[in-house]
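As provided, target_38.tsv (TSV, C-alpha atoms and all ligand atoms) reads as follows.
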chain	number	residue	atom	x	y	z
A	1	MET	CA	105.26	63.57	-77.47
A	2	ASN	CA	102.02	62.01	-78.64
A	3	ASP	CA	100.09	63.51	-75.76
A	4	LYS	CA	100.83	66.87	-77.41
A	5	ARG	CA	98.58	68.72	-79.82
A	6	LEU	CA	99.38	70.91	-82.80
A	7	VAL	CA	97.05	73.21	-84.68
A	8	VAL	CA	98.32	74.07	-88.17
A	9	LEU	CA	97.24	77.25	-89.98
A	10	ILE	CA	97.44	77.33	-93.78
A	11	SER	CA	96.29	79.48	-96.69
A	12	GLY	CA	97.02	77.32	-99.74
A	13	ARG	CA	98.71	74.25	-101.12
A	14	GLY	CA	99.69	72.62	-97.82
A	15	SER	CA	102.92	70.87	-98.80
A	16	ASN	CA	104.50	71.79	-95.45
A	17	LEU	CA	101.39	70.41	-93.72
A	18	GLU	CA	101.89	67.21	-95.71
A	19	ALA	CA	105.52	66.97	-94.56
A	20	ILE	CA	104.41	67.51	-90.94
A	21	LEU	CA	101.83	64.73	-91.26
A	22	ALA	CA	104.31	62.41	-93.00
A	23	ALA	CA	106.63	62.89	-90.01
A	24	GLY	CA	103.89	61.54	-87.74
A	25	LEU	CA	103.50	64.73	-85.73
A	26	PRO	CA	100.29	65.06	-83.68
A	27	VAL	CA	98.14	67.45	-85.72
A	28	ALA	CA	94.80	67.95	-83.92
A	29	ALA	CA	93.26	70.31	-86.47
A	30	VAL	CA	93.98	72.40	-89.56
A	31	LEU	CA	92.49	75.87	-90.08
A	32	SER	CA	92.64	78.08	-93.16
A	33	ASN	CA	91.65	81.67	-93.89
A	34	ARG	CA	90.74	80.49	-97.41
A	35	ALA	CA	87.98	77.93	-98.07
A	36	ASP	CA	89.65	76.88	-101.35
A	37	ALA	CA	93.03	75.99	-99.77
A	38	SER	CA	93.99	72.56	-101.10
A	39	GLY	CA	95.71	71.83	-97.79
A	40	LEU	CA	92.25	71.42	-96.21
A	41	ALA	CA	91.65	68.36	-98.42
A	42	ILE	CA	95.05	66.96	-97.44
A	43	ALA	CA	94.04	67.20	-93.77
A	44	ARG	CA	90.66	65.56	-94.36
A	45	LYS	CA	92.32	62.73	-96.30
A	46	HIS	CA	94.28	62.04	-93.10
A	47	GLY	CA	91.07	62.14	-91.04
A	48	ILE	CA	92.04	65.41	-89.38
A	49	PRO	CA	89.38	68.05	-88.69
A	50	ALA	CA	89.83	70.91	-91.14
A	51	GLU	CA	87.92	74.16	-91.19
A	52	ALA	CA	87.96	77.42	-93.11
A	53	VAL	CA	87.63	80.70	-91.22
A	54	PRO	CA	87.39	83.15	-94.14
A	55	HIS	CA	88.98	86.51	-93.39
A	56	THR	CA	86.51	88.03	-95.87
A	57	ASP	CA	83.69	87.33	-93.36
A	58	HIS	CA	85.21	89.89	-90.96
A	59	PRO	CA	85.38	93.69	-91.17
A	60	ASP	CA	88.90	94.02	-89.75
A	61	ARG	CA	92.00	92.06	-88.68
A	62	GLU	CA	91.07	92.23	-84.99
A	63	SER	CA	87.70	90.53	-85.41
A	64	PHE	CA	89.12	87.98	-87.86
A	65	ASP	CA	91.97	87.09	-85.50
A	66	ALA	CA	89.50	86.83	-82.59
A	67	ALA	CA	87.40	84.34	-84.59
A	68	MET	CA	90.52	82.36	-85.53
A	69	MET	CA	91.70	82.28	-81.89
A	70	GLN	CA	88.33	80.93	-80.81
A	71	ARG	CA	88.52	78.09	-83.38
A	72	ILE	CA	92.15	77.32	-82.43
A	73	ASP	CA	91.54	77.25	-78.69
A	74	VAL	CA	88.87	74.55	-79.00
A	75	TRP	CA	91.85	72.20	-79.46
A	76	GLN	CA	93.95	73.54	-76.57
A	77	PRO	CA	97.13	73.26	-78.65
A	78	ASP	CA	100.63	73.03	-77.21
A	79	LEU	CA	101.90	74.69	-80.38
A	80	VAL	CA	100.34	76.67	-83.23
A	81	VAL	CA	102.17	76.15	-86.53
A	82	LEU	CA	101.95	78.62	-89.44
A	83	ALA	CA	102.54	76.65	-92.66
A	84	GLY	CA	102.11	78.95	-95.64
A	85	TYR	CA	99.67	81.09	-93.67
A	86	MET	CA	99.36	84.41	-95.48
A	87	ARG	CA	97.58	86.76	-93.07
A	88	ILE	CA	99.58	89.15	-90.92
A	89	LEU	CA	98.60	88.56	-87.29
A	90	THR	CA	97.54	91.22	-84.79
A	91	GLY	CA	99.54	91.89	-81.63
A	92	HIS	CA	96.68	90.45	-79.58
A	93	PHE	CA	96.86	87.11	-81.42
A	94	VAL	CA	100.65	86.93	-81.18
A	95	GLN	CA	100.54	87.75	-77.45
A	96	HIS	CA	97.88	85.10	-76.78
A	97	TYR	CA	100.17	82.37	-78.22
A	98	HIS	CA	103.41	83.83	-76.91
A	99	GLY	CA	106.14	81.15	-76.93
A	100	ARG	CA	103.93	78.59	-78.70
A	101	LEU	CA	103.54	80.09	-82.19
A	102	ILE	CA	106.04	79.34	-84.97
A	103	ASN	CA	106.36	80.09	-88.68
A	104	ILE	CA	108.41	78.93	-91.64
A	105	HIS	CA	109.54	81.74	-93.89
A	106	PRO	CA	111.06	81.18	-97.35
A	107	SER	CA	114.32	83.10	-96.88
A	108	LEU	CA	117.39	83.15	-94.66
A	109	LEU	CA	116.13	85.76	-92.19
A	110	PRO	CA	116.90	88.57	-91.46
A	111	SER	CA	117.33	88.76	-95.26
A	112	TYR	CA	114.12	89.12	-97.23
A	113	PRO	CA	111.31	89.42	-94.72
A	114	GLY	CA	107.87	89.81	-96.33
A	115	LEU	CA	106.74	88.55	-99.71
A	116	ARG	CA	108.37	87.67	-103.13
A	117	THR	CA	111.45	86.35	-101.35
A	118	HIS	CA	112.79	84.15	-104.17
A	119	ALA	CA	112.43	86.85	-106.84
A	120	ARG	CA	114.20	89.38	-104.60
A	121	ALA	CA	117.04	86.94	-103.85
A	122	LEU	CA	117.55	86.35	-107.60
A	123	GLU	CA	117.45	90.10	-108.31
A	124	ASP	CA	120.21	90.62	-105.75
A	125	GLY	CA	122.36	87.80	-107.15
A	126	VAL	CA	122.84	86.09	-103.79
A	127	LYS	CA	124.57	82.71	-104.03
A	128	VAL	CA	122.95	81.13	-100.96
A	129	HIS	CA	119.26	81.27	-100.13
A	130	GLY	CA	116.97	79.17	-97.95
A	131	CYS	CA	114.32	79.08	-95.27
A	132	THR	CA	113.92	79.89	-91.60
A	133	VAL	CA	111.77	78.49	-88.79
A	134	HIS	CA	111.19	81.16	-86.13
A	135	PHE	CA	108.99	82.03	-83.20
A	136	VAL	CA	106.40	84.61	-84.20
A	137	THR	CA	106.55	88.02	-82.53
A	138	PRO	CA	104.60	91.18	-83.36
A	139	ALA	CA	107.44	92.38	-85.65
A	140	LEU	CA	106.82	90.56	-88.93
A	141	ASP	CA	109.42	87.86	-89.70
A	142	HIS	CA	111.70	89.06	-86.87
A	143	GLY	CA	111.12	86.53	-84.08
A	144	PRO	CA	113.81	84.28	-82.53
A	145	ILE	CA	115.31	81.91	-85.12
A	146	ILE	CA	115.04	78.18	-84.38
A	147	VAL	CA	116.64	76.58	-87.44
A	148	GLN	CA	117.58	77.47	-91.01
A	149	GLY	CA	118.09	75.47	-94.18
A	150	ALA	CA	120.48	76.87	-96.79
A	151	VAL	CA	120.41	75.97	-100.47
A	152	PRO	CA	122.68	77.05	-103.31
A	153	VAL	CA	121.43	79.49	-105.94
A	154	LEU	CA	122.44	77.95	-109.26
A	155	ALA	CA	123.59	79.71	-112.42
A	156	HIS	CA	120.52	80.62	-114.51
A	157	ASP	CA	118.19	79.68	-111.65
A	158	SER	CA	114.53	80.55	-112.18
A	159	GLU	CA	112.15	81.71	-109.48
A	160	THR	CA	110.23	78.42	-109.71
A	161	GLY	CA	113.39	76.31	-109.66
A	162	LEU	CA	114.76	78.16	-106.66
A	163	ALA	CA	111.38	78.03	-104.88
A	164	ALA	CA	111.23	74.25	-105.39
A	165	ARG	CA	114.74	73.79	-103.98
A	166	VAL	CA	113.91	75.92	-100.94
A	167	LEU	CA	110.62	74.04	-100.47
A	168	ARG	CA	112.47	70.72	-100.20
A	169	ALA	CA	114.58	72.27	-97.45
A	170	GLU	CA	111.42	73.52	-95.73
A	171	HIS	CA	110.00	69.99	-95.69
A	172	ARG	CA	113.14	68.77	-93.92
A	173	ILE	CA	113.60	71.45	-91.29
A	174	TYR	CA	110.01	72.20	-90.25
A	175	PRO	CA	109.06	68.74	-88.91
A	176	GLN	CA	112.41	68.62	-87.11
A	177	ALA	CA	111.88	72.00	-85.43
A	178	ILE	CA	108.35	71.03	-84.37
A	179	ARG	CA	109.61	67.78	-82.87
A	180	TRP	CA	112.26	69.66	-80.87
A	181	PHE	CA	109.59	72.02	-79.54
A	182	LEU	CA	107.31	69.16	-78.49
A	183	GLN	CA	110.24	67.42	-76.83
A	184	GLY	CA	110.92	70.54	-74.76
A	185	ARG	CA	114.31	71.06	-76.37
A	186	LEU	CA	113.90	74.71	-77.42
A	187	HIS	CA	114.79	77.41	-74.92
A	188	ILE	CA	115.00	81.18	-75.29
A	189	ASP	CA	118.22	82.55	-73.78
A	190	PRO	CA	118.42	85.89	-71.89
A	191	HIS	CA	119.18	87.69	-75.17
A	192	GLY	CA	115.94	86.42	-76.73
A	193	ARG	CA	117.77	83.90	-78.92
A	194	VAL	CA	116.91	80.23	-79.26
A	195	GLU	CA	119.40	77.99	-77.52
A	196	LEU	CA	119.94	74.49	-78.94
A	197	SER	CA	122.01	71.85	-77.18
A	198	ALA	CA	124.92	70.40	-79.14
A	199	ALA	CA	123.04	67.10	-79.34
A	200	THR	CA	120.03	68.86	-80.85
A	201	ARG	CA	122.11	70.85	-83.33
A	202	SER	CA	123.88	67.72	-84.54
A	203	GLU	CA	120.52	66.27	-85.62
A	204	GLN	CA	120.04	68.97	-88.20
A	205	SER	CA	122.43	69.92	-90.94
A	206	VAL	CA	121.86	73.57	-91.82
A	207	LEU	CA	123.35	73.13	-95.28
A	208	ILE	CA	120.92	71.16	-97.38
A	209	PRO	CA	122.74	69.25	-100.10
A	210	ASP	CA	121.35	69.79	-103.58
A	211	ASP	CA	119.47	66.73	-104.79
B	301	LIG	N1	102.33	87.93	-88.05
B	301	LIG	C1	103.17	88.48	-87.18
B	301	LIG	N2	102.65	89.34	-86.30
B	301	LIG	N3	104.49	88.19	-87.16
B	301	LIG	C2	105.01	87.34	-88.05
B	301	LIG	O1	106.30	87.09	-88.02
B	301	LIG	C3	104.16	86.72	-89.01
B	301	LIG	C4	102.80	87.04	-88.96
B	301	LIG	C5	101.91	86.48	-89.88
B	301	LIG	C6	102.36	85.65	-90.86
B	301	LIG	C7	104.19	84.58	-92.12
B	301	LIG	C8	104.90	85.56	-93.07
B	301	LIG	C9	105.95	84.88	-93.92
B	301	LIG	O2	106.49	83.85	-93.54
B	301	LIG	C10	103.72	85.36	-90.94
B	301	LIG	C11	104.63	85.85	-90.00
B	301	LIG	C12	101.95	87.14	-94.83
B	301	LIG	C13	102.43	88.40	-95.14
B	301	LIG	C14	101.54	89.42	-95.84
B	301	LIG	O3	102.00	90.48	-96.24
B	301	LIG	C15	103.72	88.72	-94.78
B	301	LIG	C16	104.51	87.79	-94.11
B	301	LIG	C17	104.01	86.52	-93.79
B	301	LIG	C18	102.73	86.20	-94.17
B	301	LIG	N4	100.22	89.14	-95.97
B	301	LIG	C19	99.20	90.02	-96.59
B	301	LIG	C20	98.32	90.64	-95.51
B	301	LIG	O4	97.78	91.71	-95.79
B	301	LIG	C21	98.29	89.23	-97.50
B	301	LIG	C22	99.01	88.56	-98.63
B	301	LIG	C23	98.16	87.52	-99.34
B	301	LIG	O5	97.03	87.20	-98.91
B	301	LIG	O6	98.67	86.95	-100.34
B	301	LIG	O7	98.09	90.02	-94.45
B	301	LIG	O8	106.30	85.44	-94.99
B	302	LIG	C1	106.12	77.95	-98.35
B	302	LIG	O1	107.20	78.18	-99.22
B	302	LIG	C2	106.21	78.84	-97.14
B	302	LIG	O2	107.53	79.03	-96.68
B	302	LIG	C3	105.67	80.11	-97.68
B	302	LIG	O3	104.59	79.74	-98.50
B	302	LIG	C4	104.81	78.42	-98.99
B	302	LIG	C5	103.64	77.57	-98.57
B	302	LIG	O4	103.69	76.33	-99.20
B	302	LIG	N1	105.21	80.96	-96.62
B	302	LIG	C6	105.08	82.25	-96.78
B	302	LIG	O5	105.43	82.84	-97.79
B	302	LIG	C7	104.43	82.95	-95.64
B	302	LIG	N2	104.27	84.31	-95.98
B	302	LIG	P1	102.78	75.13	-98.70
B	302	LIG	O6	101.35	75.66	-98.60
B	302	LIG	O7	102.90	74.13	-99.80
B	302	LIG	O8	103.31	74.65	-97.38

How would this structure read if it were set down as structure tokens?
Amino acid sequence: MNDKRLVVLISGRGSNLEAILAAGLPVAAVLSNRADASGLAIARKHGIPAEAVPHTDHPDRESFDAAMMQRIDVWQPDLVVLAGYMRILTGHFVQHYHGRLINIHPSLLPSYPGLRTHARALEDGVKVHGCTVHFVTPALDHGPIIVQGAVPVLAHDSETGLAARVLRAEHRIYPQAIRWFLQGRLHIDPHGRVELSAATRSEQSVLIPDD
């Protein structure tokens, strides 16, 4: 697995990046669309090349994505990992990394695609919420699901409290999903769904106990 290379794309804090690094996964480089993303400093602290490719330097999504692809492909990654990356990707970008581009989204998809997921879950009064690792396809937040982490919504939960509980689940499931990918254990079945062997599934509890 350590002959493999990941490129991680971020936009902000970088706590998922930190969990990926703590798991010892082979991150070759970190790229951000925002120069002020604190995740860039986390990467540099680990001696990992980190670079901003500001979307504001480009007139449209196509030219921004083309610039990002050029910076990614320098590293010839086996897998491109979106970790709190906040720019919607063009079809061209998604096609270029077909089958080797994954995202973590802070809801139990297909519920709550898009933004403000925790606030919307609280507004609806759902009792279970969580996060989803999925392959990225052109349809936003609709690609094949790899793994999910479910957390309880507590009485009188706040958006920040719920977000923190979901984030802990993210930090558990994302490194695991990336490891499975690098080990060649993820396969798409004829229906376009991710197939996990029983042995693989048993390594990951979907229900994250509250701690
Ligand atoms: N791109 C495609 N084509 N498909 C997906 O599934 C994608 C994607 C790009 C990012 C992450 C996603 C999430 O997990 C993701 C999945 C950003 C937005 C958004 O509206 C929506 C979903 C996601 C990421 N971004 C605004 C935009 O105009 C900017 C918002 C901001 O900068 O704060 O790009 O939720
Ligand atoms: C995470 O909760 C991630 O799921 C979410 O942003 C946070 C990033 O945190 N992603 C999205 O909302 C993508 N649209 P981090 O920078 O600390 O990893």

Show me which residues line ligand LIG 302 (chain B), defined as having an atom within 7 Å of a ligand atom where all atoms listed in the file count, and present them as a VMD selection string. chain A and resid 10 to 17 39 83 to 86 104 to 106 114 to 115 131 167 170

Within 9 Å of ligand LIG 301 (chain B), which residues of chain A show up? Give each one with its shortest atom-to-atom distance in Å (one decimal) and the two atoms involved, counting only C-alpha atoms and all ligand atoms, rows by chain then rising residue number, as CSV.
residue,atom,partner,partner_atom,distance
A:Ser11,CA,B:LIG301,O5,8.1
A:Arg61,CA,B:LIG301,O7,8.6
A:Leu82,CA,B:LIG301,C7,6.9
A:Ala83,CA,B:LIG301,C7,8.1
A:Gly84,CA,B:LIG301,O2,6.9
A:Tyr85,CA,B:LIG301,C7,5.9
A:Met86,CA,B:LIG301,C12,3.8
A:Arg87,CA,B:LIG301,O7,3.6
A:Ile88,CA,B:LIG301,C5,3.7
A:Leu89,CA,B:LIG301,N1,3.9
A:Thr90,CA,B:LIG301,N2,5.7
A:Gly91,CA,B:LIG301,N2,6.2
A:Phe93,CA,B:LIG301,N2,7.9
A:Val94,CA,B:LIG301,N2,6.0
A:Ile102,CA,B:LIG301,O1,8.3
A:Asn103,CA,B:LIG301,C7,6.1
A:Ile104,CA,B:LIG301,O2,5.6
A:His105,CA,B:LIG301,O2,3.7
A:Pro106,CA,B:LIG301,O2,6.5
A:Ser107,CA,B:LIG301,O2,8.5
A:Tyr112,CA,B:LIG301,O8,8.9
A:Pro113,CA,B:LIG301,O8,6.4
A:Gly114,CA,B:LIG301,C16,4.5
A:Leu115,CA,B:LIG301,O8,5.7
A:Arg116,CA,B:LIG301,O8,8.7
A:Thr117,CA,B:LIG301,O8,8.2
A:Thr132,CA,B:LIG301,O2,8.6
A:Val133,CA,B:LIG301,O2,8.9
A:His134,CA,B:LIG301,O1,7.9
A:Phe135,CA,B:LIG301,O1,7.5
A:Val136,CA,B:LIG301,O1,4.6
A:Thr137,CA,B:LIG301,N3,5.1
A:Pro138,CA,B:LIG301,N2,4.0
A:Ala139,CA,B:LIG301,N3,5.3
A:Leu140,CA,B:LIG301,O1,3.6
A:Asp141,CA,B:LIG301,O1,3.6
A:His142,CA,B:LIG301,O1,5.9
A:Gly143,CA,B:LIG301,O1,6.3

Top pick for closest residue to Asp57 (chain A), considering A:Asn33, A:Ala155, A:Ala43, A:Ser111 and counting only C-alpha atoms: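 For Asp57 (chain A), the nearest of the given residues is A:Asn33.
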
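If you look at CA of Arg120 (chain A) and CA of Gly192 (chain A), they are 28.1 Å away from each other.
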
Tell me which of A:Leu154, A:Ala199, A:Ile145, A:Val7 sits closest to Ala177 (chain A), counting all atoms listed in the file.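 The closest residue to Ala177 (chain A) is A:Ile145.
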
CA of Ala28 (chain A) to CA of Arg5 (chain A) measures 5.6 Å

Grab the CA of Met68 (chain A) to CA of Arg100 (chain A) distance for me, in Å with one decimal place.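 We find that CA of Met68 (chain A) and CA of Arg100 (chain A) lie 15.5 Å from each other.
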
Can you report as JSON the centre and edge lengths in Å, to one decimal, of an axis-aligned box around the listed atoms of region 33-47 of chain A padded with 4 Å on each side?
{"center_x": 91.8, "center_y": 71.9, "center_z": -96.2, "size_x": 15.7, "size_y": 27.6, "size_z": 18.3}

Compare A:Val147, A:Val153, A:Ala66, A:Leu162 by their minimum atom-to-atom distance to Arg193 (chain A), counting only C-alpha atoms, and give me the closest one.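 For Arg193 (chain A), the nearest of the given residues is A:Val147.
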